[in-house]
file my_file_27.cif (mmCIF, C-alpha atoms)
data_run
loop_
_atom_site.label_atom_id
_atom_site.label_comp_id
_atom_site.auth_asym_id
_atom_site.auth_seq_id
_atom_site.Cartn_x
_atom_site.Cartn_y
_atom_site.Cartn_z
CA MET A 1 74.72 119.36 120.17
CA ALA A 2 75.06 117.14 123.24
CA GLY A 3 72.85 114.52 121.56
CA MET A 4 75.06 114.52 118.47
CA THR A 5 78.19 114.16 120.62
CA LYS A 6 76.66 111.28 122.55
CA LYS A 7 75.66 109.58 119.30
CA LYS A 8 79.19 109.96 117.93
CA ILE A 9 80.71 108.52 121.10
CA ILE A 10 78.35 105.54 120.93
CA SER A 11 79.29 105.07 117.25
CA TYR A 12 83.03 105.16 118.03
CA VAL A 13 82.65 102.70 120.90
CA ALA A 14 80.55 100.37 118.71
CA ASN A 15 83.12 100.53 115.89
CA LEU A 16 85.95 99.80 118.32
CA ALA A 17 83.99 96.87 119.76
CA ILE A 18 83.41 95.41 116.26
CA VAL A 19 87.13 95.74 115.43
CA LEU A 20 88.18 94.01 118.66
CA ILE A 21 85.58 91.25 118.23
CA LEU A 22 86.82 90.59 114.68
CA TYR A 23 90.44 90.58 115.83
CA PHE A 24 89.95 88.21 118.75
CA LEU A 25 87.72 85.93 116.67
CA PHE A 26 90.34 85.51 113.94
CA TYR A 27 93.15 85.41 116.50
CA PHE A 28 91.46 82.56 118.38
CA LEU A 29 90.67 80.61 115.17
CA ILE A 30 94.25 80.97 113.87
CA ARG A 31 95.78 80.20 117.27
CA GLN A 32 93.67 77.02 117.67
CA GLY A 33 94.50 75.83 114.14
CA VAL A 34 90.92 76.11 112.86
CA ILE A 35 92.28 78.52 110.24
CA ASN A 36 95.35 76.86 108.72
CA SER A 37 98.47 78.57 107.35
CA TYR A 38 97.02 78.90 103.82
CA TYR A 39 93.90 80.77 104.97
CA SER A 40 95.92 82.73 107.50
CA ASP A 41 98.21 83.95 104.70
CA LEU A 42 95.13 84.80 102.61
CA ILE A 43 93.68 86.89 105.45
CA ASN A 44 97.00 88.71 105.78
CA MET A 45 97.03 89.43 102.04
CA VAL A 46 93.46 90.75 102.27
CA CYS A 47 94.59 93.22 104.97
CA ILE A 48 97.65 94.28 102.92
CA ASN A 49 95.49 94.88 99.82
CA VAL A 50 93.02 96.87 101.94
CA ILE A 51 95.92 99.10 103.04
CA LEU A 52 97.02 99.59 99.42
CA ALA A 53 93.51 100.26 98.10
CA VAL A 54 92.66 102.73 100.87
CA SER A 55 95.98 104.57 100.39
CA LEU A 56 95.45 104.88 96.62
CA ASN A 57 91.88 106.03 97.24
CA MET A 58 93.35 109.05 99.03
CA VAL A 59 94.89 110.26 95.75
CA THR A 60 92.56 108.82 93.13
CA GLY A 61 89.32 109.16 95.09
CA LEU A 62 89.68 112.18 97.38
CA LEU A 63 92.12 114.18 95.23
CA GLY A 64 90.83 112.97 91.86
CA GLN A 65 94.30 112.37 90.40
CA LEU A 66 94.99 109.21 88.39
CA VAL A 67 98.04 107.26 89.65
CA LEU A 68 99.36 104.36 87.56
CA GLY A 69 102.51 103.49 89.49
CA HIS A 70 101.39 102.78 93.05
CA ALA A 71 103.23 99.45 92.98
CA GLY A 72 106.46 101.44 92.55
CA PHE A 73 106.07 102.92 96.05
CA MET A 74 105.20 99.46 97.32
CA LEU A 75 108.45 98.14 95.78
CA VAL A 76 110.54 100.89 97.41
CA GLY A 77 108.97 100.17 100.81
CA ALA A 78 109.31 96.40 100.43
CA TYR A 79 113.03 96.50 99.57
CA SER A 80 113.85 99.19 102.14
CA ALA A 81 112.16 97.29 104.97
CA ALA A 82 113.53 93.90 103.87
CA LEU A 83 117.12 95.16 103.48
CA PHE A 84 116.96 96.80 106.91
CA THR A 85 115.74 93.67 108.72
CA LEU A 86 118.19 91.46 106.79
CA HIS A 87 121.32 93.49 107.53
CA VAL A 88 120.71 95.17 110.87
CA ASN A 89 121.93 93.37 113.97
CA LEU A 90 118.70 93.57 115.93
CA PRO A 91 116.06 91.02 116.97
CA LEU A 92 113.31 90.78 114.35
CA VAL A 93 110.68 91.87 116.89
CA VAL A 94 112.53 95.20 117.20
CA ALA A 95 113.78 95.51 113.61
CA PHE A 96 110.43 94.77 111.94
CA PRO A 97 108.43 97.85 113.06
CA ILE A 98 111.48 100.08 112.48
CA GLY A 99 111.84 98.56 109.00
CA LEU A 100 108.19 99.33 108.22
CA ILE A 101 108.65 102.98 109.21
CA ILE A 102 111.85 103.21 107.13
CA GLY A 103 110.06 101.64 104.15
CA GLY A 104 107.24 104.17 104.47
CA LEU A 105 109.63 107.12 104.81
CA VAL A 106 111.73 106.12 101.79
CA ALA A 107 108.55 105.66 99.71
CA ALA A 108 107.31 109.07 100.93
CA LEU A 109 110.65 110.63 99.89
CA PHE A 110 110.25 109.21 96.38
CA GLY A 111 106.66 110.44 96.38
CA MET A 112 107.85 113.96 97.23
CA ILE A 113 110.56 113.89 94.53
CA ILE A 114 108.00 112.84 91.91
CA GLY A 115 105.10 114.90 93.24
CA ILE A 116 106.79 118.32 93.50
CA PRO A 117 107.23 118.78 89.72
CA ALA A 118 104.21 116.70 88.63
CA LEU A 119 101.54 118.13 90.92
CA ARG A 120 102.18 121.70 89.78
CA LEU A 121 100.68 120.66 86.45
CA ARG A 122 97.06 119.87 85.61
CA GLY A 123 95.56 116.98 83.69
CA ASP A 124 97.03 113.52 83.20
CA TYR A 125 100.67 114.43 83.84
CA LEU A 126 100.69 112.68 87.23
CA ALA A 127 99.39 109.47 85.66
CA ILE A 128 102.12 109.53 83.00
CA ILE A 129 104.90 110.37 85.49
CA THR A 130 103.83 107.72 88.02
CA LEU A 131 103.55 105.16 85.22
CA GLY A 132 107.12 106.00 84.19
CA PHE A 133 108.31 105.92 87.82
CA GLY A 134 106.77 102.47 88.41
CA GLU A 135 108.54 101.02 85.38
CA ILE A 136 111.86 102.81 85.98
CA ILE A 137 112.11 101.79 89.65
CA ARG A 138 111.33 98.17 88.72
CA VAL A 139 114.08 98.14 86.05
CA VAL A 140 116.54 99.76 88.49
CA ALA A 141 115.73 97.14 91.15
CA ASN A 142 116.22 94.47 88.49
CA ASN A 143 119.81 95.61 87.92
CA LEU A 144 121.10 96.56 91.37
CA THR A 145 123.45 94.29 93.32
CA ILE A 146 121.97 95.28 96.68
CA THR A 147 118.52 94.06 95.60
CA ASN A 148 120.01 90.83 94.16
CA GLY A 149 118.64 91.79 90.75
CA ALA A 150 116.07 89.60 89.04
CA LYS A 151 116.85 86.73 91.45
CA GLY A 152 115.18 88.72 94.20
CA LEU A 153 115.78 88.90 97.94
CA TYR A 154 115.59 85.59 99.77
CA GLY A 155 115.36 84.80 103.44
CA VAL A 156 113.22 87.77 104.47
CA GLN A 157 112.06 86.60 107.88
CA SER A 158 108.49 86.58 109.08
CA LEU A 159 107.34 87.09 112.64
CA ASN A 160 105.33 83.89 112.27
CA SER A 161 106.56 80.45 113.21
CA ARG A 162 105.15 77.01 112.49
CA GLN A 163 103.61 76.92 115.94
CA ASN A 164 102.30 80.50 115.96
CA LEU A 165 100.76 82.24 112.93
CA THR A 166 99.26 85.17 114.83
CA PRO A 167 102.08 87.81 115.03
CA MET A 168 101.90 88.81 111.35
CA PHE A 169 98.11 88.80 111.47
CA THR A 170 98.18 91.16 114.46
CA TYR A 171 100.46 93.58 112.61
CA VAL A 172 98.59 93.63 109.27
CA PHE A 173 95.16 93.76 110.93
CA PHE A 174 95.84 96.71 113.22
CA ILE A 175 97.84 98.61 110.61
CA ALA A 176 94.90 98.18 108.21
CA VAL A 177 92.50 99.44 110.90
CA PHE A 178 94.79 102.40 111.67
CA VAL A 179 95.11 103.32 107.96
CA ILE A 180 91.32 103.18 107.52
CA PHE A 181 90.87 105.39 110.61
CA ILE A 182 93.47 107.89 109.36
CA ASN A 183 91.78 108.07 105.95
CA PHE A 184 88.32 108.61 107.41
CA THR A 185 89.71 111.27 109.76
CA PHE A 186 91.68 112.96 106.98
CA GLY A 187 88.64 113.00 104.67
CA THR A 188 86.48 114.80 107.24
CA SER A 189 89.18 117.20 108.44
CA ARG A 190 89.90 120.73 107.19
CA HIS A 191 92.76 119.38 105.09
CA GLY A 192 90.57 116.65 103.63
CA ARG A 193 87.86 119.15 102.67
CA ALA A 194 90.52 121.25 100.94
CA VAL A 195 91.66 118.17 98.98
CA ILE A 196 88.03 117.39 97.98
CA ALA A 197 87.56 121.01 96.90
CA ILE A 198 90.58 120.63 94.59
CA ARG A 199 89.02 117.46 93.16
CA GLU A 200 85.72 119.20 92.45
CA ASP A 201 87.18 122.36 90.88
CA GLU A 202 90.88 123.11 91.17
CA ILE A 203 90.62 126.61 89.71
CA ALA A 204 87.81 127.59 92.08
CA ALA A 205 89.70 126.08 95.03
CA GLU A 206 92.80 128.08 94.16
CA ALA A 207 90.73 131.23 93.79
CA SER A 208 89.28 130.58 97.27
CA GLY A 209 92.77 130.72 98.77
CA ILE A 210 93.51 126.98 99.00
CA HIS A 211 97.19 126.18 98.42
CA THR A 212 96.48 123.54 95.78
CA THR A 213 100.07 122.35 95.25
CA TYR A 214 100.61 121.87 98.99
CA TYR A 215 97.44 119.85 99.53
CA LYS A 216 97.97 117.75 96.40
CA LEU A 217 101.49 116.97 97.56
CA LEU A 218 100.28 116.21 101.09
CA ALA A 219 97.77 113.60 99.87
CA PHE A 220 100.25 112.12 97.40
CA VAL A 221 103.12 111.77 99.89
CA LEU A 222 100.83 110.34 102.59
CA ALA A 223 99.52 107.75 100.11
CA ALA A 224 103.11 106.88 99.10
CA PHE A 225 104.10 106.46 102.77
CA ILE A 226 101.21 104.04 103.41
CA ALA A 227 102.04 102.11 100.23
CA GLY A 228 105.64 101.80 101.44
CA VAL A 229 104.48 100.37 104.77
CA ALA A 230 102.23 97.92 102.88
CA GLY A 231 105.25 96.92 100.79
CA GLY A 232 107.24 96.18 103.95
CA LEU A 233 104.40 94.00 105.27
CA PHE A 234 104.17 92.23 101.91
CA ALA A 235 107.92 91.48 101.86
CA HIS A 236 107.88 89.91 105.33
CA GLN A 237 104.65 88.08 104.62
CA ILE A 238 105.87 86.19 101.53
CA GLY A 239 109.59 86.01 102.44
CA ILE A 240 110.87 86.29 98.86
CA ILE A 241 110.55 89.45 96.77
CA ASP A 242 111.64 90.21 93.23
CA PRO A 243 110.89 93.20 90.97
CA SER A 244 108.39 91.25 88.83
CA LYS A 245 105.95 91.23 91.78
CA PHE A 246 105.66 95.04 91.52
CA ASP A 247 105.06 95.49 87.80
CA PHE A 248 102.45 97.59 85.98
CA ASN A 249 99.84 94.84 86.38
CA ARG A 250 100.15 95.12 90.15
CA SER A 251 99.49 98.88 89.96
CA VAL A 252 96.44 98.28 87.79
CA GLU A 253 95.23 95.62 90.23
CA ILE A 254 95.27 98.15 93.08
CA LEU A 255 93.62 100.80 90.89
CA VAL A 256 90.84 98.36 89.92
CA MET A 257 90.09 97.83 93.63
CA VAL A 258 89.56 101.58 94.05
CA VAL A 259 87.51 102.00 90.87
CA LEU A 260 85.39 98.92 91.53
CA GLY A 261 84.62 99.95 95.12
CA GLY A 262 83.89 103.54 94.16
CA MET A 263 86.35 106.39 93.73
CA GLY A 264 86.10 108.43 96.90
CA SER A 265 84.54 105.69 99.02
CA ILE A 266 86.83 104.14 101.63
CA THR A 267 84.18 101.54 102.47
CA GLY A 268 83.97 100.61 98.78
CA SER A 269 87.75 100.24 98.52
CA ILE A 270 87.74 97.90 101.54
CA ILE A 271 84.95 95.73 100.11
CA ALA A 272 86.55 95.60 96.64
CA ALA A 273 89.99 94.75 98.10
CA VAL A 274 88.50 91.87 100.11
CA VAL A 275 86.50 90.52 97.14
CA LEU A 276 89.28 90.88 94.56
CA THR A 277 91.80 89.18 96.86
CA ILE A 278 89.57 86.23 97.71
CA LEU A 279 87.95 85.78 94.27
CA PRO A 280 91.07 84.63 92.35
CA GLU A 281 91.85 82.16 95.14
CA ALA A 282 88.26 80.89 95.23
CA LEU A 283 88.42 80.30 91.46
CA ARG A 284 91.81 78.56 91.60
CA ASP A 285 90.14 75.19 90.85
CA PHE A 286 88.96 76.71 87.58
CA SER A 287 92.44 77.92 86.68
CA ASN A 288 91.71 77.89 82.95
CA TYR A 289 88.64 80.09 83.35
CA ARG A 290 89.17 82.07 86.56
CA MET A 291 90.75 85.11 84.86
CA LEU A 292 87.92 85.10 82.32
CA LEU A 293 85.30 85.06 85.10
CA TYR A 294 87.26 87.70 86.99
CA SER A 295 87.22 89.96 83.92
CA ILE A 296 83.49 89.38 83.29
CA VAL A 297 82.68 90.41 86.87
CA LEU A 298 84.65 93.65 86.44
CA ILE A 299 83.04 94.41 83.06
CA CYS A 300 79.54 93.82 84.45
CA VAL A 301 80.18 96.16 87.38
CA MET A 302 81.54 98.86 85.07
CA LEU A 303 78.55 98.51 82.71
CA PHE A 304 75.79 98.46 85.32
CA ARG A 305 77.46 100.44 88.10
CA PRO A 306 80.04 102.77 86.46
CA THR A 307 80.53 104.80 89.66
CA GLY A 308 81.62 101.63 91.48
CA LEU A 309 79.85 99.59 94.12
CA LEU A 310 79.32 102.48 96.56
CA GLY A 311 80.10 105.53 94.43
CA ARG A 312 81.27 108.14 96.94
CA SER A 313 79.05 107.04 99.81
CA GLU A 314 80.35 105.58 103.07
CA PHE A 315 78.91 103.07 105.51
CA SER A 316 77.74 104.74 108.72
CA LEU A 317 76.98 102.57 111.73
CA THR A 318 74.85 105.31 113.31
CA LYS A 319 72.67 105.73 110.21
CA PHE A 320 72.42 101.94 109.88
CA ILE A 321 71.18 101.60 113.49
CA ASP A 322 68.72 104.49 112.98
CA ARG A 323 67.35 102.81 109.86
CA ILE A 324 66.91 99.46 111.66
CA THR A 325 65.24 101.03 114.70
CA GLY A 326 63.06 103.18 112.42
CA LYS A 327 63.99 106.47 114.05
CA SER A 328 64.16 108.38 110.78
CA GLY A 329 60.80 106.97 109.68
CA GLY A 330 59.23 107.92 113.01
CA THR A 331 60.44 111.48 112.66
CA LYS A 332 58.95 111.82 109.21
CA LYS A 333 55.62 110.40 110.39
CA LYS A 334 55.43 112.91 113.24
CA SER A 335 56.13 115.83 110.94
CA ASN A 336 53.35 114.69 108.58
CA VAL A 337 50.88 114.44 111.47
CA GLY A 338 51.80 117.94 112.52
CA LYS A 339 51.09 119.24 109.04
CA GLU A 340 47.73 117.53 108.89
CA GLY A 341 46.74 118.96 112.25
#
call {"tool": "encode", "arguments": {"input": "my_file_27.cif", "output": "C-alpha cells"}}
result
Amino acid sequence: MAGMTKKKIISYVANLAIVLILYFLFYFLIRQGVINSYYSDLINMVCINVILAVSLNMVTGLLGQLVLGHAGFMLVGAYSAALFTLHVNLPLVVAFPIGLIIGGLVAALFGMIIGIPALRLRGDYLAIITLGFGEIIRVVANNLTITNGAKGLYGVQSLNSRQNLTPMFTYVFFIAVFVIFINFTFGTSRHGRAVIAIREDEIAAEASGIHTTYYKLLAFVLAAFIAGVAGGLFAHQIGIIDPSKFDFNRSVEILVMVVLGGMGSITGSIIAAVVLTILPEALRDFSNYRMLLYSIVLICVMLFRPTGLLGRSEFSLTKFIDRITGKSGGTKKKSNVGKEG
C-alpha cells in the first residue's frame, strides 16, 4: 500500500512538473516574440477547445448521453461574461475572472432547467432537447437588444496588449489544466463510478440504489458550467461575438472531437481537440480542399477505428514509465522462472 502511495505521489509530481515546463516554455516563447500573435491566438483556441471537448466528454463519454447543443451553453456563458465585463465599472483584471464565473453559473442554470425534465427520460430525448435548446437560444440571442442582435457584441476587451500576449494564455492554459484534473478526479471518484454505472446499465444502476436522475443531472450541469466558462474565454479571446458563432455546426464540431478521441477517454478528447483545431489552420493554404481532407480524415478514423483514437483508455505516466523501464516484463519473467523451478 505504501509502495502504491509513493508511486502515485511520484506520478502527481511528474505530471505537475510537465505542466509547469509546458507553461513556462510557451510563456517564454510568447513573451520573447518567438511565437507571434497569430500562433498565440491559435494556442489559446486549442486550450478553449480542449476545455469544451473535455466538458462534453463528461456527459457523452462518462454518462453515455448524446448532447447536440453544447454550443448553446457556450453562447450563454460567452454573452453573460462579455456583458458583465462591458457594463460593470471594474478594472478588467478584476472583472474578467468574475465574468467567467458568472458565465459558468448562468450556463449551469440553463443546464439545470433543461436537464431536470429531460434526464428523467431514457433514450434520445436529451439529444433532441439539447438540439432544440441550442437553436432556440441562438435565435433568441439574434433578436435581443441587449445582445445587439445579429450585429453581435463589439469591443469585448482582452487581457492581452500589443506588447504582452501572455495574460490570456495564462488563463486559458491553467483553466484547461484545472478542467482536465477535475474530470480525471470526477471519473475516479464515487460519484464518477456511479455515473459510469448508469452509462453501462441504467436499470441495473437504479436497482443497486444509485439515484440515477441526480447523478445524470450532476454530470450535465457540471458540463454546462465548464462550457459556459469556455464561452467566456472565447468571447474575450476574439473580442467580437455574434450568435452565428454558436450554431449547430459548432456543437457538432465539439461532439466530433469527443467521438474522434474516444467516448469516455479524456486523453483522447484532448488529442482530438488539439488536432482538429490545428488541422484546419494547417490546411488553410489549400482552402479549396481543406474541408474535403478534413472530412476524409474523420471518415477514415471512423471506418478503421470506430471507438475513436483511444477508445475508453487513458494515458498513465506511471504505466508508461514502467513499460519503458521494463518493470512489468521483469515481473513476468520472474514468475515464469518460479514456475519452471
call {"tool": "atom_distance", "arguments": {"input": "my_file_27.cif", "atom1": "CA of Met74 in chain A", "atom2": "CA of Phe169 in chain A"}}
result
19.1 Å
call {"tool": "closest_atom_pairs", "arguments": {"input": "my_file_27.cif", "of": "range 131-229 of chain A", "to": "range 269-282 of chain A", "cutoff": "12 Å", "atoms": "all atoms listed in the file", "output": "Markdown table"}}
result
| residue | atom | partner | partner_atom | distance |
| --- | --- | --- | --- | --- |
| A:Ala176 | CA | A:Ile270 | CA | 9.8 |
| A:Val177 | CA | A:Ile270 | CA | 10.6 |
| A:Val179 | CA | A:Ile270 | CA | 11.2 |
| A:Ile180 | CA | A:Ile270 | CA | 8.7 |
| A:Asn183 | CA | A:Ser269 | CA | 11.5 |
call {"tool": "atom_distance", "arguments": {"input": "my_file_27.cif", "atom1": "CA of Phe133 in chain A", "atom2": "CA of Thr213 in chain A"}}
result
19.8 Å
call {"tool": "atom_distance", "arguments": {"input": "my_file_27.cif", "atom1": "CA of Ser158 in chain A", "atom2": "CA of Gly134 in chain A"}}
result
26.1 Å
call {"tool": "closest_residue", "arguments": {"input": "my_file_27.cif", "among": "A:His236, A:Arg199, A:Lys8, A:Lys216", "to": "Thr85 in chain A", "atoms": "only C-alpha atoms"}}
result
A:His236
call {"tool": "closest_residue", "arguments": {"input": "my_file_27.cif", "among": "A:Thr5, A:Met58, A:Ala14, A:Gln163", "to": "Gln32 in chain A", "atoms": "all atoms listed in the file"}}
result
A:Gln163
call {"tool": "residues_around", "arguments": {"input": "my_file_27.cif", "residues": "range 191-194 of chain A", "least_positions_apart": "6", "cutoff": "8 Å", "atoms": "all atoms listed in the file", "output": "list in words"}}
result
Leu62, Ala205, Ile210 and Tyr215 of chain A
